[in-house]
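Quick look at query.tsv (TSV, C-alpha atoms and all ligand atoms):
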```tsv
chain	number	residue	atom	x	y	z
I	1	MET	CA	17.07	-3.88	32.79
I	2	ASN	CA	17.57	-0.52	34.51
I	3	LYS	CA	14.37	1.30	33.46
I	4	ASP	CA	10.73	0.26	33.77
I	5	LEU	CA	10.56	-1.15	30.26
I	6	LEU	CA	7.54	-2.67	28.59
I	7	LEU	CA	9.32	-3.83	25.44
I	8	GLU	CA	12.97	-4.43	24.61
I	9	ILE	CA	13.98	-5.10	21.02
I	10	LYS	CA	17.46	-6.61	21.25
I	11	ASP	CA	19.90	-7.14	18.40
I	12	LEU	CA	17.02	-7.72	15.95
I	13	THR	CA	17.89	-8.86	12.45
I	14	VAL	CA	15.34	-9.25	9.64
I	15	SER	CA	16.27	-10.59	6.21
I	16	VAL	CA	14.37	-10.59	2.94
I	17	LYS	CA	14.77	-13.25	0.28
I	18	ARG	CA	16.06	-11.83	-2.99
I	19	LYS	CA	16.59	-14.49	-5.66
I	20	LYS	CA	18.44	-17.13	-3.65
I	21	GLU	CA	20.05	-14.68	-1.23
I	22	ALA	CA	18.89	-13.59	2.23
I	23	VAL	CA	19.50	-9.84	2.38
I	24	PRO	CA	19.48	-8.26	5.87
I	25	VAL	CA	17.21	-5.19	5.94
I	26	VAL	CA	17.14	-4.77	9.75
I	27	ARG	CA	20.57	-5.22	11.28
I	28	GLY	CA	21.18	-5.54	15.00
I	29	VAL	CA	18.47	-3.11	16.09
I	30	ASP	CA	18.06	-2.33	19.82
I	31	ILE	CA	15.03	-0.31	20.94
I	32	ASP	CA	13.73	0.17	24.50
I	33	ILE	CA	10.11	1.18	25.05
I	34	PRO	CA	9.42	2.34	28.63
I	35	ARG	CA	6.05	1.71	30.26
I	36	GLY	CA	3.92	4.79	29.50
I	37	GLY	CA	6.57	6.25	27.16
I	38	ILE	CA	6.25	7.38	23.53
I	39	VAL	CA	9.19	6.34	21.38
I	40	GLY	CA	9.75	7.66	17.85
I	41	LEU	CA	11.47	5.69	15.09
I	42	VAL	CA	12.56	7.90	12.17
I	43	GLY	CA	14.48	7.41	8.96
I	44	GLU	CA	14.22	7.63	5.19
I	45	SER	CA	11.91	5.43	3.18
I	46	GLY	CA	13.17	1.85	2.95
I	47	CYS	CA	15.48	1.99	6.01
I	48	GLY	CA	13.59	-0.83	7.79
I	49	LYS	CA	11.16	0.93	10.14
I	50	SER	CA	8.10	-1.12	9.16
I	51	MET	CA	10.05	-4.39	9.10
I	52	THR	CA	11.14	-3.64	12.69
I	53	ALA	CA	7.56	-2.89	13.77
I	54	LYS	CA	6.07	-5.88	11.98
I	55	SER	CA	8.58	-8.14	13.76
I	56	VAL	CA	7.02	-7.11	17.10
I	57	ASN	CA	3.58	-8.45	16.26
I	58	ARG	CA	4.99	-11.03	13.86
I	59	ILE	CA	3.21	-9.91	10.71
I	60	LEU	CA	6.24	-9.78	8.40
I	61	PRO	CA	5.44	-10.43	4.73
I	62	PRO	CA	6.18	-13.99	3.49
I	63	PHE	CA	9.44	-12.95	1.81
I	64	ALA	CA	10.89	-11.62	5.10
I	65	GLU	CA	11.89	-13.34	8.33
I	66	THR	CA	13.52	-12.49	11.62
I	67	THR	CA	16.94	-14.12	11.57
I	68	GLY	CA	18.30	-13.04	14.93
I	69	GLY	CA	17.76	-11.24	18.21
I	70	SER	CA	14.89	-11.15	20.64
I	71	ILE	CA	11.84	-9.01	21.41
I	72	LEU	CA	11.29	-9.08	25.14
I	73	TRP	CA	7.86	-8.24	26.51
I	74	HIS	CA	7.94	-7.40	30.22
I	75	ASP	CA	4.42	-8.25	31.42
I	76	SER	CA	5.42	-7.08	34.86
I	77	PRO	CA	8.80	-6.75	36.57
I	78	GLY	CA	10.33	-10.25	36.62
I	79	GLU	CA	7.86	-11.69	34.08
I	80	THR	CA	9.35	-11.62	30.59
I	81	THR	CA	8.31	-13.26	27.31
I	82	ASP	CA	10.29	-13.36	24.07
I	83	LEU	CA	7.62	-12.51	21.45
I	84	LEU	CA	9.69	-14.20	18.75
I	85	LYS	CA	9.40	-17.50	20.61
I	86	LEU	CA	5.63	-17.46	21.21
I	87	LYS	CA	3.43	-19.92	19.36
I	88	GLU	CA	1.31	-18.43	16.56
I	89	LYS	CA	-1.90	-18.70	18.61
I	90	GLU	CA	-0.28	-17.00	21.63
I	91	ILE	CA	1.15	-14.09	19.65
I	92	ARG	CA	-2.18	-13.50	17.83
I	93	LYS	CA	-3.95	-13.28	21.20
I	94	LYS	CA	-1.35	-10.87	22.58
I	95	CYS	CA	-1.44	-8.73	19.46
I	96	GLY	CA	-5.19	-8.26	19.52
I	97	THR	CA	-5.38	-7.39	23.16
I	98	GLU	CA	-2.06	-6.05	24.46
I	99	ILE	CA	-0.27	-4.83	21.33
I	100	ALA	CA	-2.22	-2.83	18.74
I	101	MET	CA	-1.07	-1.45	15.43
I	102	VAL	CA	-2.37	1.43	13.29
I	103	PHE	CA	-1.23	1.62	9.68
I	104	GLN	CA	-0.89	4.45	7.17
I	105	GLU	CA	-3.89	3.89	4.91
I	106	PRO	CA	-7.10	3.07	6.79
I	107	MET	CA	-9.09	2.33	3.61
I	108	THR	CA	-6.96	-0.78	2.98
I	109	SER	CA	-7.28	-1.94	6.62
I	110	LEU	CA	-11.07	-1.42	6.97
I	111	ASN	CA	-13.54	-3.86	5.46
I	112	PRO	CA	-15.56	-1.80	2.93
I	113	MET	CA	-18.51	-4.21	3.29
I	114	MET	CA	-19.00	-3.76	7.03
I	115	ARG	CA	-20.30	-0.83	9.07
I	116	VAL	CA	-17.44	0.76	11.06
I	117	GLY	CA	-19.04	0.17	14.48
I	118	ASP	CA	-19.55	-3.52	13.76
I	119	GLN	CA	-15.91	-3.82	12.67
I	120	ILE	CA	-14.75	-2.47	16.01
I	121	ARG	CA	-17.23	-4.66	17.90
I	122	GLU	CA	-15.84	-7.69	16.03
I	123	VAL	CA	-12.50	-7.15	17.82
I	124	LEU	CA	-14.20	-7.51	21.22
I	125	LYS	CA	-15.98	-10.63	20.00
I	126	ILE	CA	-12.90	-12.32	18.47
I	127	HIS	CA	-10.86	-11.78	21.62
I	128	LYS	CA	-13.77	-12.90	23.80
I	129	ILE	CA	-13.58	-9.67	25.78
I	130	GLU	CA	-17.28	-8.83	25.66
I	131	LYS	CA	-19.92	-11.25	24.45
I	132	ASP	CA	-23.08	-9.30	25.30
I	133	PRO	CA	-23.93	-7.44	22.02
I	134	ALA	CA	-25.65	-4.52	23.78
I	135	VAL	CA	-22.74	-3.96	26.18
I	136	SER	CA	-20.12	-4.26	23.45
I	137	LYS	CA	-22.06	-1.82	21.22
I	138	GLU	CA	-22.17	0.68	24.05
I	139	ARG	CA	-18.43	0.25	24.57
I	140	VAL	CA	-17.75	0.86	20.86
I	141	VAL	CA	-19.92	4.00	20.80
I	142	LYS	CA	-18.04	5.31	23.84
I	143	MET	CA	-14.70	4.63	22.15
I	144	LEU	CA	-15.81	6.36	18.92
I	145	GLY	CA	-16.67	9.38	21.05
I	146	ALA	CA	-13.31	9.17	22.85
I	147	VAL	CA	-11.37	9.35	19.56
I	148	GLY	CA	-13.25	12.52	18.64
I	149	ILE	CA	-15.89	11.23	16.23
I	150	PRO	CA	-18.95	13.49	16.47
I	151	GLN	CA	-22.36	11.84	16.94
I	152	PRO	CA	-20.82	8.42	17.64
I	153	GLU	CA	-24.20	6.61	17.88
I	154	LEU	CA	-24.95	7.70	14.32
I	155	ARG	CA	-21.44	7.09	13.03
I	156	TYR	CA	-21.50	3.55	14.42
I	157	ASN	CA	-23.67	2.64	11.41
I	158	SER	CA	-21.54	4.42	8.77
I	159	TRP	CA	-19.79	2.55	5.99
I	160	PRO	CA	-16.02	3.28	5.67
I	161	HIS	CA	-16.51	5.14	2.33
I	162	GLU	CA	-18.93	7.58	4.01
I	163	LEU	CA	-16.18	8.88	6.33
I	164	SER	CA	-13.36	11.33	5.58
I	165	GLY	CA	-9.71	10.18	5.69
I	166	GLY	CA	-9.23	11.70	9.16
I	167	MET	CA	-12.40	10.04	10.47
I	168	ARG	CA	-11.32	6.68	9.07
I	169	GLN	CA	-7.95	7.05	10.78
I	170	ARG	CA	-9.80	7.74	14.05
I	171	VAL	CA	-11.86	4.61	13.49
I	172	MET	CA	-8.60	2.66	13.10
I	173	ILE	CA	-7.33	4.15	16.36
I	174	ALA	CA	-10.64	3.28	18.07
I	175	MET	CA	-10.26	-0.29	16.80
I	176	ALA	CA	-6.69	-0.45	18.08
I	177	MET	CA	-7.65	1.02	21.47
I	178	ILE	CA	-10.86	-0.91	22.15
I	179	CYS	CA	-9.06	-3.70	24.04
I	180	SER	CA	-7.03	-1.17	26.10
I	181	PRO	CA	-3.62	-2.30	24.75
I	182	LYS	CA	-0.40	-1.75	26.66
I	183	LEU	CA	1.47	-0.85	23.46
I	184	LEU	CA	0.28	1.05	20.39
I	185	ILE	CA	2.41	0.85	17.25
I	186	ALA	CA	1.53	3.69	14.87
I	187	ASP	CA	3.24	3.13	11.52
I	188	GLU	CA	2.98	6.37	9.50
I	189	ALA	CA	-0.51	6.70	11.02
I	190	THR	CA	-0.89	10.35	10.03
I	191	THR	CA	0.95	10.48	6.70
I	192	ALA	CA	-2.23	10.37	4.61
I	193	VAL	CA	-4.13	13.13	6.45
I	194	ASP	CA	-3.76	16.91	6.32
I	195	VAL	CA	-1.75	18.81	8.94
I	196	THR	CA	-4.75	19.88	11.05
I	197	ILE	CA	-6.11	16.35	11.32
I	198	GLU	CA	-2.55	15.10	11.87
I	199	ALA	CA	-2.17	17.41	14.88
I	200	GLN	CA	-5.52	16.23	16.28
I	201	ILE	CA	-4.62	12.55	15.86
I	202	LEU	CA	-1.19	13.05	17.44
I	203	ASP	CA	-2.81	14.84	20.40
I	204	LEU	CA	-5.24	11.96	20.69
I	205	ILE	CA	-2.46	9.34	20.79
I	206	ARG	CA	-0.52	11.39	23.35
I	207	ASP	CA	-3.58	11.94	25.57
I	208	MET	CA	-4.48	8.26	25.43
I	209	CYS	CA	-0.93	7.27	26.39
I	210	HIS	CA	-0.99	9.65	29.35
I	211	ALA	CA	-4.52	8.74	30.46
I	212	SER	CA	-4.06	4.96	30.42
I	213	HIS	CA	-0.29	4.69	30.93
I	214	MET	CA	-0.06	3.09	27.48
I	215	SER	CA	3.25	3.01	25.60
I	216	ALA	CA	3.59	3.87	21.91
I	217	LEU	CA	6.07	3.28	19.12
I	218	VAL	CA	5.51	6.05	16.57
I	219	ILE	CA	7.06	5.37	13.18
I	220	THR	CA	7.45	8.27	10.82
I	221	HIS	CA	9.80	10.02	8.45
I	222	ASN	CA	8.45	13.35	9.68
I	223	MET	CA	10.61	15.07	12.32
I	224	GLY	CA	7.69	17.40	13.11
I	225	VAL	CA	5.64	14.42	14.29
I	226	VAL	CA	8.53	13.30	16.47
I	227	SER	CA	8.91	16.70	18.12
I	228	ALA	CA	5.14	16.89	18.70
I	229	ILE	CA	4.65	13.73	20.71
I	230	CYS	CA	7.73	11.60	21.37
I	231	ASP	CA	9.73	11.37	24.59
I	232	HIS	CA	12.62	9.48	23.06
I	233	VAL	CA	13.80	9.12	19.44
I	234	TYR	CA	15.66	6.43	17.51
I	235	VAL	CA	17.14	7.37	14.13
I	236	MET	CA	17.47	4.50	11.68
I	237	TYR	CA	19.65	4.35	8.62
I	238	LEU	CA	20.02	1.38	6.29
I	239	GLY	CA	18.63	-1.11	8.79
I	240	SER	CA	20.64	0.08	11.83
I	241	ILE	CA	20.02	2.55	14.64
I	242	VAL	CA	22.57	5.34	14.18
I	243	GLU	CA	21.48	7.67	16.97
I	244	LYS	CA	19.13	7.62	19.96
I	245	ALA	CA	18.35	10.32	22.51
I	246	PRO	CA	15.59	12.03	24.47
I	247	VAL	CA	13.63	14.17	22.01
I	248	ARG	CA	14.77	17.60	23.24
I	249	GLU	CA	18.40	16.49	23.37
I	250	LEU	CA	18.24	15.13	19.80
I	251	PHE	CA	16.73	18.34	18.42
I	252	THR	CA	19.14	20.66	20.23
I	253	ASN	CA	22.27	18.57	19.87
I	254	PRO	CA	22.02	16.20	16.88
I	255	LEU	CA	25.31	14.34	16.55
I	256	HIS	CA	25.10	11.96	13.61
I	257	PRO	CA	25.58	13.66	10.20
I	258	TYR	CA	22.48	11.78	8.97
I	259	THR	CA	20.34	13.14	11.82
I	260	ARG	CA	21.72	16.63	11.19
I	261	GLY	CA	20.76	16.23	7.52
I	262	LEU	CA	17.22	15.13	8.45
I	263	LEU	CA	16.81	18.12	10.76
I	264	SER	CA	18.23	20.69	8.36
I	265	SER	CA	15.90	19.49	5.60
I	266	ILE	CA	12.84	20.72	7.58
I	267	PRO	CA	11.50	23.97	6.08
I	268	ARG	CA	11.28	26.80	8.66
I	269	ILE	CA	9.16	29.96	8.63
I	270	GLY	CA	11.32	33.06	8.25
I	271	ASN	CA	14.24	31.04	6.96
I	272	ASN	CA	13.72	31.50	3.24
I	273	PRO	CA	16.48	29.73	1.33
I	274	GLU	CA	16.34	29.36	-2.44
I	275	TYR	CA	16.59	25.59	-2.08
I	276	LEU	CA	15.73	23.24	0.79
I	277	GLU	CA	18.68	21.35	2.29
I	278	THR	CA	18.89	17.73	1.17
I	279	ILE	CA	21.08	14.77	2.13
I	280	PRO	CA	23.16	14.00	-0.96
I	281	GLY	CA	22.89	10.54	-2.54
I	282	ASN	CA	20.43	7.72	-1.90
I	283	ILE	CA	20.24	4.88	0.60
I	284	PRO	CA	22.61	2.28	-0.86
I	285	VAL	CA	21.31	-1.24	-1.52
I	286	VAL	CA	22.69	-3.80	0.95
I	287	ARG	CA	23.97	-6.73	-1.03
I	288	LYS	CA	27.07	-7.84	0.80
I	289	PRO	CA	28.56	-6.83	4.16
I	290	PHE	CA	30.57	-3.59	3.97
I	291	SER	CA	33.32	-3.13	6.53
I	292	GLY	CA	33.03	0.69	6.80
I	293	CYS	CA	30.32	3.08	8.02
I	294	ASP	CA	27.04	2.71	6.09
I	295	PHE	CA	26.76	6.50	5.75
I	296	CYS	CA	30.32	7.23	4.56
I	297	MET	CA	29.37	7.64	0.88
I	298	ARG	CA	26.92	10.44	1.78
I	299	CYS	CA	28.88	12.04	4.62
I	300	SER	CA	30.78	15.31	4.35
I	301	ASP	CA	33.50	14.15	6.78
I	302	ASP	CA	36.49	13.03	4.80
I	303	VAL	CA	37.95	10.34	7.07
I	304	ARG	CA	39.69	7.14	6.06
I	305	LYS	CA	38.56	5.19	9.13
I	306	CYS	CA	34.92	5.61	8.08
I	307	PHE	CA	35.62	3.65	4.90
I	308	MET	CA	37.49	0.88	6.78
I	309	GLU	CA	35.67	0.28	10.06
I	310	SER	CA	32.03	0.09	11.04
I	311	PRO	CA	31.45	2.43	14.04
I	312	GLU	CA	30.08	1.12	17.34
I	313	MET	CA	27.29	2.88	19.25
I	314	ARG	CA	28.98	5.32	21.67
I	315	GLU	CA	27.61	7.21	24.65
I	316	ALA	CA	27.60	11.00	24.38
I	317	GLY	CA	26.05	11.73	27.81
I	318	ASN	CA	22.46	12.83	28.63
I	319	ASP	CA	21.14	9.38	27.59
I	320	HIS	CA	22.36	10.19	24.07
I	321	TYR	CA	24.11	7.56	21.89
I	322	VAL	CA	25.56	7.82	18.39
I	323	ARG	CA	27.10	5.41	15.89
I	324	CYS	CA	29.75	7.60	14.26
I	325	HIS	CA	33.56	7.75	14.30
I	326	THR	CA	33.74	11.53	14.18
I	327	ALA	CA	30.57	12.84	15.90
I	328	LEU	CA	32.14	13.03	19.37
I	329	THR	CA	35.71	13.94	18.46
I	330	GLY	CA	35.42	15.70	15.08
I	331	PRO	CA	37.43	14.48	12.09
I	332	ASP	CA	41.11	13.99	12.90
I	333	PRO	CA	43.06	15.87	10.20
I	334	GLY	CA	45.67	13.10	10.15
I	335	GLU	CA	42.92	10.61	9.39
I	336	SER	CA	41.81	12.20	6.10
I	337	LYS	CA	41.09	9.52	3.52
I	338	GLY	CA	43.29	11.57	1.24
I	339	THR	CA	42.33	12.17	-2.32
I	340	GLU	CA	45.96	12.81	-3.21
I	401	LIG	N1	7.71	-5.82	-1.07
I	401	LIG	C1	9.04	-5.88	-0.92
I	401	LIG	N2	9.81	-6.66	-1.69
I	401	LIG	C2	11.15	-6.74	-1.52
I	401	LIG	N3	11.82	-6.07	-0.55
I	401	LIG	C3	11.11	-5.29	0.23
I	401	LIG	C4	9.69	-5.14	0.13
I	401	LIG	N4	9.25	-4.31	1.10
I	401	LIG	C5	10.35	-3.93	1.78
I	401	LIG	N5	11.46	-4.52	1.26
I	401	LIG	C6	12.84	-4.33	1.70
I	401	LIG	O1	12.88	-4.06	3.08
I	401	LIG	C7	13.55	-2.82	3.32
I	401	LIG	C8	12.91	-2.16	4.52
I	401	LIG	O2	11.54	-1.89	4.21
I	401	LIG	P1	10.54	-1.18	5.21
I	401	LIG	O3	9.18	-1.35	4.64
I	401	LIG	O4	10.78	-1.68	6.58
I	401	LIG	O5	11.01	0.34	5.09
I	401	LIG	P2	10.44	1.62	5.84
I	401	LIG	O6	11.56	2.23	6.59
I	401	LIG	O7	9.20	1.26	6.57
I	401	LIG	O8	10.08	2.58	4.59
I	401	LIG	P3	8.81	3.56	4.38
I	401	LIG	O9	9.14	4.84	5.12
I	401	LIG	O10	8.79	3.76	2.90
I	401	LIG	O11	7.58	2.87	4.88
I	401	LIG	C9	13.43	-2.05	2.00
I	401	LIG	O12	14.49	-1.18	1.78
I	401	LIG	C10	13.45	-3.13	0.99
I	401	LIG	O13	14.80	-3.46	0.71
I	402	MG	MG	7.17	1.68	6.37
```

Translate this file's structure into structure tokens.
Amino acid sequence: MNKDLLLEIKDLTVSVKRKKEAVPVVRGVDIDIPRGGIVGLVGESGCGKSMTAKSVNRILPPFAETTGGSILWHDSPGETTDLLKLKEKEIRKKCGTEIAMVFQEPMTSLNPMMRVGDQIREVLKIHKIEKDPAVSKERVVKMLGAVGIPQPELRYNSWPHELSGGMRQRVMIAMAMICSPKLLIADEATTAVDVTIEAQILDLIRDMCHASHMSALVITHNMGVVSAICDHVYVMYLGSIVEKAPVRELFTNPLHPYTRGLLSSIPRIGNNPEYLETIPGNIPVVRKPFSGCDFCMRCSDDVRKCFMESPEMREAGNDHYVRCHTALTGPDPGESKGTE
């Protein structure tokens, strides 16, 4: 371990059961989350982002299971726990207090029959962090204020349906933050809100990370979100990480054709094309192992090797890595797959 890491996902594999087969949907994923750092995980729908995140706090759906790898939690330098090996009771305790998760749709995560303040206070009670009702209520009101909810004393008594989507998302963040976690996992946490509220919530997550030296894993398919708050980015395609780099480096020098496709599909003011750029084709369905590059069917590079050999992750300098045969060297004309 060469950096001050809080979490290290190493060679993680997750499989889902389809009929009698176990189909890998996360394949050999490595992600490092530094203490106090904000890491983005991007990729098209279905590429395995949520399965990766849910493996960390062990809330995979019943049809999925982790089938390999480790998720190392570095409590402090020299004190490491593999989250995949913890007993159920131990991981539940850790997840409530040290690892918190915010999902996309707060209405499905909040209990419609309970006032929002009481729901947040319940977290303190369950984890035996604060038993005194008056003290815990005061702490919740303070947290509601900290996430930007106006008149927090009044809002404490609101029902979830009385709040707007943005307010509900803030309540979810307050609930996640109330135990002062070391890691926040935000899985599409701003997808359901409008762009103004999205910007406010992203600012909030960033400020909270900086203020309390918290780390965050921000999962999104929106490159704008990544550029707004992340320090480091991992690009995922079909269950594997295909590129990783510091955020500025990735945006100025994207190497993988998939990353370049994701970036060129962002609409820009002043650039007024008739059609938006798209990445041709769809994510293929993984049924059996394929020996070539997972992206070769959608890639514009016409190289035989890509159809024969799966590329390894290679270093490009500046803490930038890419899984592509041609990204660093360009296609070798002699290597054309030849459509003769
Ligand atoms: N309910 C399900 N039943 C069967 N397979 C599923 C189910 N949910 C997910 N999967 C499989 O797991 C893969 C990864 O799903 P995951 O939810 O991690 O994708 P994602 O990257 O989070 O997508 P999104 O951006 O849409 O949230 C999917 O491509 C699919 O093959
Ligand atoms: Mg998802």

* Asked: Got a sec to check which residues lie within 8 Å of ligand MG 402 (chain I), using all atoms listed in the file, and send them as a ChimeraX atom specification?
  -> /I:45-46,48-51,187-188,219-220

* **Surrounding residues as an NGL selection string, ligand LIG 401 (chain I), max 9 Å, all atoms listed in the file** => :I and (14-18 or 23-26 or 42-54 or 61 or 63-64 or 104 or 187-188 or 219-221 or 236-239 or 283 or 285-286)

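Nearest to Val303 in chain I of all the residues I:Pro280, I:Gln169, I:Ala327, I:Thr191 is I:Ala327, based on all atoms listed in the file.
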
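The shortest atom-to-atom distance to Ile185 in chain I, with all atoms listed in the file taken into account, belongs to I:Glu98 out of I:Asp207, I:Asp132, I:Glu122, I:Glu98.
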
* **Point-to-point distance in Å for CA of Lys125 in chain I and CA of Ser158 in chain I** =>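 It comes out at 19.6 Å.
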
Can you tell me which residues surround Pro181 in chain I at a distance of at most 10 Å, considering all atoms listed in the file, apart from same-chain residues fewer than 3 positions away, and format the answer as a PDB file with C-alpha atoms, in the coordinates of the input?
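Writing the result to out-v3.pdb gives the following:
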```pdb
ATOM      1  CA  LYS I  94      -1.350 -10.870  22.580  1.00  0.00           C
ATOM      2  CA  CYS I  95      -1.440  -8.730  19.460  1.00  0.00           C
ATOM      3  CA  GLY I  96      -5.190  -8.260  19.520  1.00  0.00           C
ATOM      4  CA  THR I  97      -5.380  -7.390  23.160  1.00  0.00           C
ATOM      5  CA  GLU I  98      -2.060  -6.050  24.460  1.00  0.00           C
ATOM      6  CA  ILE I  99      -0.270  -4.830  21.330  1.00  0.00           C
ATOM      7  CA  ALA I 100      -2.220  -2.830  18.740  1.00  0.00           C
ATOM      8  CA  MET I 101      -1.070  -1.450  15.430  1.00  0.00           C
ATOM      9  CA  ALA I 176      -6.690  -0.450  18.080  1.00  0.00           C
ATOM     10  CA  MET I 177      -7.650   1.020  21.470  1.00  0.00           C
ATOM     11  CA  ILE I 178     -10.860  -0.910  22.150  1.00  0.00           C
ATOM     12  CA  LEU I 184       0.280   1.050  20.390  1.00  0.00           C
ATOM     13  CA  SER I 212      -4.060   4.960  30.420  1.00  0.00           C
ATOM     14  CA  HIS I 213      -0.290   4.690  30.930  1.00  0.00           C
ATOM     15  CA  MET I 214      -0.060   3.090  27.480  1.00  0.00           C
ATOM     16  CA  SER I 215       3.250   3.010  25.600  1.00  0.00           C
ATOM     17  CA  ALA I 216       3.590   3.870  21.910  1.00  0.00           C
TER      18      ALA I 216
END
```

* State, in Å with one decimal place, the distance from CA of Asp319 in chain I to CA of Glu249 in chain I. => 8.7 Å

* Asked: Which value, in Å to one decimal, gives the distance between CA of Glu105 in chain I and CA of Leu163 in chain I?
  ->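 Here the two named atoms are 13.3 Å from each other.
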
* Mind checking which residues fall within 10 Å of Asp4 in chain I, counting only C-alpha atoms, ignoring those fewer than 4 positions away in the same chain, and posting them as an MDAnalysis selection string? => chainID I and resid 32:37 74 76:77

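Of the listed residues I:Gly165, I:Pro112, I:Pro160, I:Gly117, the one whose atoms come nearest to Met143 in chain I is I:Gly117, with distances taken using all atoms listed in the file.
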
* To do: May I have the protein, DNA and RNA residues with any atom at most 10 Å from the point (-11.2, 8.1, 13.3), counting all atoms listed in the file, written as a ChimeraX atom specification?
  => /I:106,116,144-150,163-175,197,201

* To do: For Arg248 in chain I, work out the shell of residues within 9 Å, counting all atoms listed in the file and skipping chain neighbours fewer than 3 positions away, then give it as an MDAnalysis selection string.
  => chainID I and resid 227 231:232 245 251:253

* Distance query Lys244 in chain I at most 7 Å, only C-alpha atoms, self and fewer than 5 positions along chain excluded, as a list in words ->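 These residues fall inside the cut-off: Val233, Tyr234, Val235, His320, Tyr321 and Val322 of chain I.
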
* Compare I:Arg206, I:Lys3, I:Arg115, I:Lys10 by their minimum atom-to-atom distance to Ile229 in chain I, counting only C-alpha atoms, and give me the closest one. => I:Arg206

* Asked: Which one is closest to Gly317 in chain I: I:Val56, I:Leu5, I:Leu255, I:Ile126? Count all atoms listed in the file.
  ->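 Checking each candidate against Gly317 in chain I, we get I:Leu255 as the closest.
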